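What follows is a short report on a single structure.
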Amino acid sequence: MILTPMIRAVFLCILTAAALPAQHGRYLSESKNAAIGDPQSIAAGAKLYATSCAGCHGPDGSGGRGPNLVRRSLWHPLSDEAIFAAIQKGVPGTDMPPTRLPDEETWKLVAFLHSMIGPASENKVPGDPAAGERIFRSRSTGCSNCHSIAGRGGRLGPDLTDIGGRPLGLIKDAVLKRSRDLSLAGSEGVTVKLKNGQVIEGVARNRSNYSLQMVDKSGTLHLFPMGSVSELKISERSIMPDDYAKRLSRKELDDLLAYLARQTSRRTN
Amino acid sequence: MHQWTAYFLLLTAPAAAQVSYQDIQKGPAQDWLTYAGSYGAWRYSPLKQITVNNARNLTAQWVYHVPNARGLRASPIVYKGVMYVTNTNSIYALDARTGRLIWQWLDTRANKQGVNRGAAILGDRVFFTSTDNYLNALDRQTGVLLFSRKFADADSGITSTSAPLIAGNKVIVGSAGGDSGMRGFLAALSPETGDEIWRTYTVPAKGEPGSESWSGLIEWGGGATWLSGAFDPSTDTLYWTTGNPWPDFAGQPRQGDNLYTCSLIAVDLATGKMKWHFQFTPHDTHDWDAQSWPVLIDTEWEGKPRKLVVHANRNGFFYVLDRVSGQFLHATQLIDKVTWAKGIDANGRPIAVPGQDPTPEGNWVCPSVKGATNWMGQSYNPITGLLYVLTLEQCGLYTSSSKTPEPMKNFAGGGATEEGGQVILRAIDPKTGKRAWEYPMTGLGRMWTGTVSTAGGVVFTGDDDGHMLALNAKTGAHLWHFNMGELLTASPITYEAGGKQYVAIASASAIFSFGLFEPAEPMIPPKVIFTK
């Protein structure tokens with residue numbers, strides 16, 4: 001164990017965001033179809049999804065027999081038109097069948113998917129953002145000890161100022177399921193022992209066989225040639241706590257997500 | 001819980017190292033804290049590990065390929081072993097010894113693309129602007145966004161390209177877009193919040209003094225401030241150059257001198273009030289923005305100590321002014337091929353040759369639209385007493401359009417060709433304008449590289465063929481070159497990290513850093529332990 005229980009306890013919240021800085025923002029090429037962004041169409045689409053799609057893609061789009069629709073938006077975002085075509089025509093060579101849904105119904109389904117995999121900041125999210133901010137900054141969750149939003153908060157974890165650019169499902173995953181299968185590059189918990197005996201704990205922003213760039217617990221940056229390091233302990237797991245599902249009530253989670261979903265750099269203007 | 005509290009206090013403790021305004025004032029040493037190195041815009045470093053005698057042992061130390069970069073314009077800044085480089089709507093913090101990425105921040109909100117010339121640093125904050133006129137402040141160590149604040153409206157034709165300048169407790173930002181119609185300004189913003197402290201327009205409003213120099217189009221007059229400026233802390237005065245009047249090539253709809261375009265303006269730091277102005281090219285019709293660095297030199301002039309500002313202008317002339325009063329003192333020809341003016345008169349006004357304006361069929365005029373020099377940084381070396389200026393001997397065909405000017409429609413009132421030409425690095429005596437030496441280059445006249453010079457007696461620059469060069473600052477003799485393999489569009493800097501002097505420059509797509517050759521020492525790797 002490279003991190004003491006105390007240190008582990010304070011590495012908090014959504015660590016996975018750092019590995020994918022380029023993914024913030026808009027994932028989709030948007031259609032001008034009137035259903036996109038229309039609450040009634042989205043609600044109708046949600047019903048269609050629950051009856052026709054959830055069996056394979058999961059009730060929350062997290063996958064099953066079919067692919068995880070939310071997560072794939074990170075590595076291969078689709079346009080609304082491409083999703084429309086996949087629903088109507090199916091995907092040849094896979095288990096995804098053509099639906100033969102009329103255009104209007106299909107667009108409702110696309111509208112729902114758009115809201116599920118598009119930026120959380122642009123979609124309606126349940127929960128009270130003001131209460132969510134109190135939770136974010138509370139001692140009991142400690143999110144803001146490590147994460148900063150618009151300059152307020154810790155420096156060790158990824159900056160969440162733009163986190164609302166991600167799909168809500170991914171933000172939720174990051175709170176509850178930590179890093180899951182995502183790369184920890186840029187966020188590895190490390191303990192460095194230098195040849196002069198000094199020991200520093202923190203997060204490796206980057207490392208190679210020849211040099212290490214890390215931020216220590218106080219948010220101070222250190223740059224080491226690897227030749228000056230005698231021992232390097234690397235945590236294979238995210239150093240963010242993984243018990244938020246137990247610690248947060250359903251309402252608290254909704255409130256926290258509502259707050260995070262609203263965070264985009266536009267709001268600092 | 002108590003442990004967390006204790007740790008939280010640790011987190012909020014002030015970071016030890018901060019960049020102060022006084023640090024920037026001292027000028028470069030190990031660090032390079034502002035675009036031009038020093039407030040006087042000298043691009044001079046006291047570092048002398050690399051000398052005339054050992055520069056031949058220079059070799060590339062590392063390369064960082066900036067994602068998606070095509071034509072980088074940034075001059076890096078360096079603080080405590082970290083280099084900050086910008087590209088369009090993005091900034092990268094690199095380990096200055098290894099070129100490894102520490103953090104990056106991309107403004108995914110930004111809705112305009114354009115070049116970016118670099119970052120500024122103050123306290124624990126790094127600043128740069130997005131193309132659509134947002135000032136972004138980030139934590140220098142972690143890249144955490146502190147604020148992103150809009151200071152101008154892109155819908156009024158304004159974009160942002162220049163590196164901010166820190167002066168006192170202010171962040172000075174400029175404005176670009178003068179080739180399509182806009183109203184240029186300089187603004188001082190708060191480094192804490194991005195709040196505007198003052199704004200000074202470079203083209204007067206109707207009825208204001210100077211507006212009589214416009215027969216029309218004053219609302220869209222241009223005078224962009226798309227390059228950072230110099231600063232004199234002893235008088236709290238900013239020295240900034242202004243761009244062309246709009247439409248660039250059609251003078252008819254805007255008769256008069258078109259103040260304060262193609263000028264140098266002296267601006268009071270506290271209030272933004274213009275102390276004086278000097279217009280190099282009244283009623284410009286050749287797109288000769290004054291964007292080239294004003295260099296501040298204190299020296300003897302006619303037997304008395306005097307605060308001077310010297311300036312190599314795009315219009316083909318080299319100027320010496322008193323920077324306290326703005327009084328014109330002297331001008332000489334910067335390049336050989338100048339056809340539009342016979343010289344500069346005793347008041348500093350060009351003695352224009354008739355018939356040199358753009359015409360519908362085209363008029364062959366020297367210098368070309370790119371100018372005798374441009375925004376590439378010049379270097380002043382106090383040891384040699386010489387100013388190192390990249391110059392371009394090039395002419396072009398200037399055509400005009402009689403179409404009714406429409407702002408923000410990419411209309412410049414005509415156009416100009418750039419044909420042939422040669423880049424020549426010239427070492428100039430800043431008092432007399434006389435050339436001490438020249439270094440002619442091969443190439444297509446397309447480069448935008450400036451110079452840096454050092455106490456080691458070396459001038460570093462890029463050439464017009466994509467080479468990084470080291471030359472003897474006294475004689476101009478070649479010492480070393482390195483083929484970077486692509487067009488160079490930014491100026492070099494020099495810094496020290498881990499006891500070693502580096503020289504860094506952005507090529508079109510990458511940052512290169514050079515240092516003296518040292519044989520590699522086999523690295524004994526640390527013991528690496530993975531924990532669950």
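Here, A, B, ... name the chains of the structure tokens in the order displayed, residue numbers run from 1 inside each chain, and ligands are numbered from 1 in the same displayed order.
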Could you pull the residues within 6 Å of Ala504 (chain B), counting only C-alpha atoms, minus those fewer than 5 positions along the same chain, as a VMD selection string?
-> chain B and resid 492 to 493 512 to 513
Once DSSP has gone over the backbone, tell me which residues of region 119-226 of chain A are in strand (DSSP E or B), as JSON, numbers by chain.
-> {"A": [148, 149, 152, 153, 188, 189, 190, 191, 192, 193, 194, 199, 200, 201, 202, 203, 204, 205, 206, 207, 211, 212, 213, 214, 215, 216, 221, 222, 223, 224, 225]}
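All residues of protein, DNA or RNA that reach within 6 Å of Gly186 (chain A), judged by only C-alpha atoms and not counting those fewer than 4 positions away in the chain, are Ala204, Arg205 and Asn206 of chain A.
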Selection from above, N, CA and C atoms, as a PDB file, in the first residue's frame, can you write it?
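Here's the written file selection19.pdb:
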```
ATOM      1  N   ALA A 204       1.323  11.404 -10.337  1.00  0.00           N
ATOM      2  CA  ALA A 204       2.222  11.578 -11.492  1.00  0.00           C
ATOM      3  C   ALA A 204       1.423  12.159 -12.646  1.00  0.00           C
ATOM      4  N   ARG A 205       1.768  13.350 -13.062  1.00  0.00           N
ATOM      5  CA  ARG A 205       1.112  13.938 -14.236  1.00  0.00           C
ATOM      6  C   ARG A 205       1.634  13.290 -15.510  1.00  0.00           C
ATOM      7  N   ASN A 206       2.893  12.898 -15.463  1.00  0.00           N
ATOM      8  CA  ASN A 206       3.491  12.240 -16.622  1.00  0.00           C
ATOM      9  C   ASN A 206       4.735  11.525 -16.112  1.00  0.00           C
TER      10      ASN A 206
END
```
How would you write, as a ChimeraX atom specification, the set of residues in region 22-234 of chain A that DSSP gives as helix (DSSP H, G or I)?
-> /A:22-23,39-52,54-57,72-75,80-89,103-117,120-122,129-136,143-146,163-165,168-176,226-228
Writing out the chosen residues with C-alpha atoms as a compact mmCIF listing (two decimals), in the first residue's frame:
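File selection-v1.txt, as written:
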```txt
# COMPACT_ATOMS: atom_id res chain seq x y z
CA ALA A 22 -9.77 16.55 -25.24
CA GLN A 23 -13.13 14.92 -24.69
CA PRO A 39 -38.59 17.45 -23.69
CA GLN A 40 -41.71 15.65 -24.97
CA SER A 41 -39.80 13.87 -27.70
CA ILE A 42 -37.09 12.89 -25.23
CA ALA A 43 -39.70 11.49 -22.83
CA ALA A 44 -41.37 9.55 -25.64
CA GLY A 45 -37.96 8.34 -26.78
CA ALA A 46 -37.16 7.18 -23.27
CA LYS A 47 -40.22 4.94 -23.31
CA LEU A 48 -39.26 3.50 -26.69
CA TYR A 49 -35.75 2.93 -25.42
CA ALA A 50 -36.95 1.12 -22.31
CA THR A 51 -39.09 -1.28 -24.32
CA SER A 52 -36.96 -1.82 -27.43
CA ALA A 54 -32.64 -1.43 -22.92
CA GLY A 55 -32.66 -5.22 -23.13
CA CYS A 56 -29.37 -5.21 -25.02
CA HIS A 57 -27.86 -1.78 -24.31
CA ARG A 72 -18.52 4.78 -26.69
CA SER A 73 -19.24 8.48 -27.05
CA LEU A 74 -15.75 9.04 -25.61
CA TRP A 75 -13.88 7.24 -28.31
CA ASP A 80 -27.50 12.28 -34.74
CA GLU A 81 -27.94 11.20 -38.37
CA ALA A 82 -25.64 8.21 -37.90
CA ILE A 83 -27.61 7.11 -34.84
CA PHE A 84 -30.85 7.55 -36.79
CA ALA A 85 -29.52 5.34 -39.58
CA ALA A 86 -28.27 2.67 -37.18
CA ILE A 87 -31.68 2.46 -35.51
CA GLN A 88 -33.65 2.24 -38.73
CA LYS A 89 -31.33 0.04 -40.74
CA ASP A 103 -39.08 8.42 -39.04
CA GLU A 104 -40.91 10.44 -36.42
CA GLU A 105 -40.61 7.72 -33.79
CA THR A 106 -36.99 7.13 -34.68
CA TRP A 107 -36.19 10.81 -34.17
CA LYS A 108 -37.75 10.63 -30.70
CA LEU A 109 -35.43 7.78 -29.90
CA VAL A 110 -32.47 9.74 -31.29
CA ALA A 111 -33.52 12.72 -29.15
CA PHE A 112 -33.44 10.52 -26.06
CA LEU A 113 -30.04 9.06 -26.96
CA HIS A 114 -28.74 12.53 -27.68
CA SER A 115 -29.73 13.61 -24.20
CA MET A 116 -28.17 10.49 -22.70
CA ILE A 117 -24.82 10.69 -24.45
CA ALA A 120 -24.79 16.88 -19.27
CA SER A 121 -24.73 20.68 -19.17
CA GLU A 122 -27.11 20.80 -22.12
CA PRO A 129 -27.47 22.00 -7.87
CA ALA A 130 -27.22 24.32 -4.86
CA ALA A 131 -27.50 21.39 -2.48
CA GLY A 132 -25.05 19.53 -4.75
CA GLU A 133 -22.48 22.28 -4.36
CA ARG A 134 -22.74 22.04 -0.57
CA ILE A 135 -22.14 18.30 -0.85
CA PHE A 136 -19.19 18.89 -3.20
CA CYS A 143 -14.62 16.35 -3.20
CA SER A 144 -13.27 19.91 -3.23
CA ASN A 145 -10.20 18.93 -1.23
CA CYS A 146 -8.81 17.40 -4.40
CA ILE A 163 -17.05 18.40 -16.30
CA GLY A 164 -20.57 19.25 -17.50
CA GLY A 165 -19.30 18.77 -21.03
CA LEU A 168 -24.26 12.48 -17.26
CA GLY A 169 -23.79 8.72 -17.25
CA LEU A 170 -20.03 9.12 -17.32
CA ILE A 171 -20.01 11.67 -14.53
CA LYS A 172 -22.10 9.29 -12.45
CA ASP A 173 -19.77 6.41 -13.26
CA ALA A 174 -16.79 8.47 -12.24
CA VAL A 175 -18.30 9.29 -8.84
CA LEU A 176 -19.53 5.79 -8.07
CA MET A 226 14.45 9.28 -13.11
CA GLY A 227 18.14 8.89 -12.33
CA SER A 228 17.53 10.77 -9.07
```
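Take CA of Tyr260 (chain B) and CA of Thr202 (chain B): the distance between them is 5.6 Å.
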Polymer residues at most 8 Å from Ala290 (chain B), only C-alpha atoms, same-chain spacing of 3 or more positions, as a ChimeraX atom specification | /B:241-244,262-264,280,313-314
Go ahead and save the picked residues with C-alpha atoms, as a PDB file, in the first residue's frame.
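What landed in out_22.pdb:
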```
ATOM      1  CA  THR B 241       2.279  49.572 -31.832  1.00  0.00           C
ATOM      2  CA  THR B 242      -0.929  49.820 -33.834  1.00  0.00           C
ATOM      3  CA  GLY B 243      -2.025  48.203 -37.068  1.00  0.00           C
ATOM      4  CA  ASN B 244      -3.244  49.378 -40.452  1.00  0.00           C
ATOM      5  CA  CYS B 262       0.346  52.552 -38.015  1.00  0.00           C
ATOM      6  CA  SER B 263       1.628  54.333 -34.923  1.00  0.00           C
ATOM      7  CA  LEU B 264       3.513  53.884 -31.697  1.00  0.00           C
ATOM      8  CA  PHE B 280       5.072  56.141 -38.842  1.00  0.00           C
ATOM      9  CA  ASN B 313       9.110  49.629 -39.169  1.00  0.00           C
ATOM     10  CA  ARG B 314       7.382  47.622 -41.835  1.00  0.00           C
TER      11      ARG B 314
END
```
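CA of Ile77 (chain B) is found 9.3 Å from CA of Ala36 (chain B).
Nearest residue to Phe318 (chain B) among B:Val63, B:Val389, B:Val353, B:Leu33 is B:Val389, counting only C-alpha atoms.
Proximity of A:Pro167, A:Gly189, A:Gly197, A:Gly66 to Met96 (chain A), computed with only C-alpha atoms, is greatest for A:Gly66.
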Find, counting only C-alpha atoms, the residue in A:Pro241, A:Gly37, A:Gly154, A:Pro77 that gets nearest to chain B.
-> A:Gly154
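In this structure, CA of Ala224 (chain B) sits 12.8 Å away from CA of Asn258 (chain B).
For the set B:Gln25, B:Ser379, B:Thr531, B:Thr417, the residue with the smallest atom-to-atom gap to chain A is B:Thr531, counting only C-alpha atoms.
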Using only C-alpha atoms, determine which residues lie at most 10 Å from Met274 (chain B), disregarding the query and same-chain residues fewer than 5 positions distant; provide the list as a list in words.
-> Thr200, Tyr201, Thr202, Thr237, Leu238, Tyr239, Ile265, Ala266, Val267, Asp268 and Leu269 of chain B
Residues near region 48-59 of chain B, cut-off 10 Å, only C-alpha atoms, skip fewer than 2 positions along chain, as a ChimeraX atom specification = /B:45-46,61-62,454-459,469-474,477-482,496,499-503,513-518
Please identify all polymer residues within 8 Å of Asp248 (chain B), counting only C-alpha atoms, omitting same-chain residues fewer than 5 positions from it, and present them as a ChimeraX atom specification.
-> /B:179,284-287,412-414
Include C-alpha atoms and write out the residues we just selected as a short mmCIF file (atom, residue, chain, number, x, y, z; two decimals), in the first residue's frame.
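Written file, out.cif:
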```cif
data_model
loop_
_atom_site.label_atom_id
_atom_site.label_comp_id
_atom_site.auth_asym_id
_atom_site.auth_seq_id
_atom_site.Cartn_x
_atom_site.Cartn_y
_atom_site.Cartn_z
CA ASP B 179 -7.87 43.64 -42.03
CA ASP B 284 -1.28 53.89 -44.99
CA THR B 285 -2.49 52.10 -48.14
CA HIS B 286 0.02 49.20 -48.12
CA ASP B 287 -1.03 47.33 -44.98
CA ALA B 412 -9.40 44.58 -47.48
CA GLY B 413 -10.03 47.07 -50.30
CA GLY B 414 -7.68 45.26 -52.65
#
```
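Using only C-alpha atoms, the nearest neighbour of Asp195 (chain B) within the list B:Trp240, B:Phe147, B:Phe127, B:Trp214 is B:Phe147.
For the set A:Leu232, A:Val192, A:Leu78, A:Ala35, the residue with the smallest atom-to-atom gap to Asp216 (chain A) is A:Val192, counting only C-alpha atoms.
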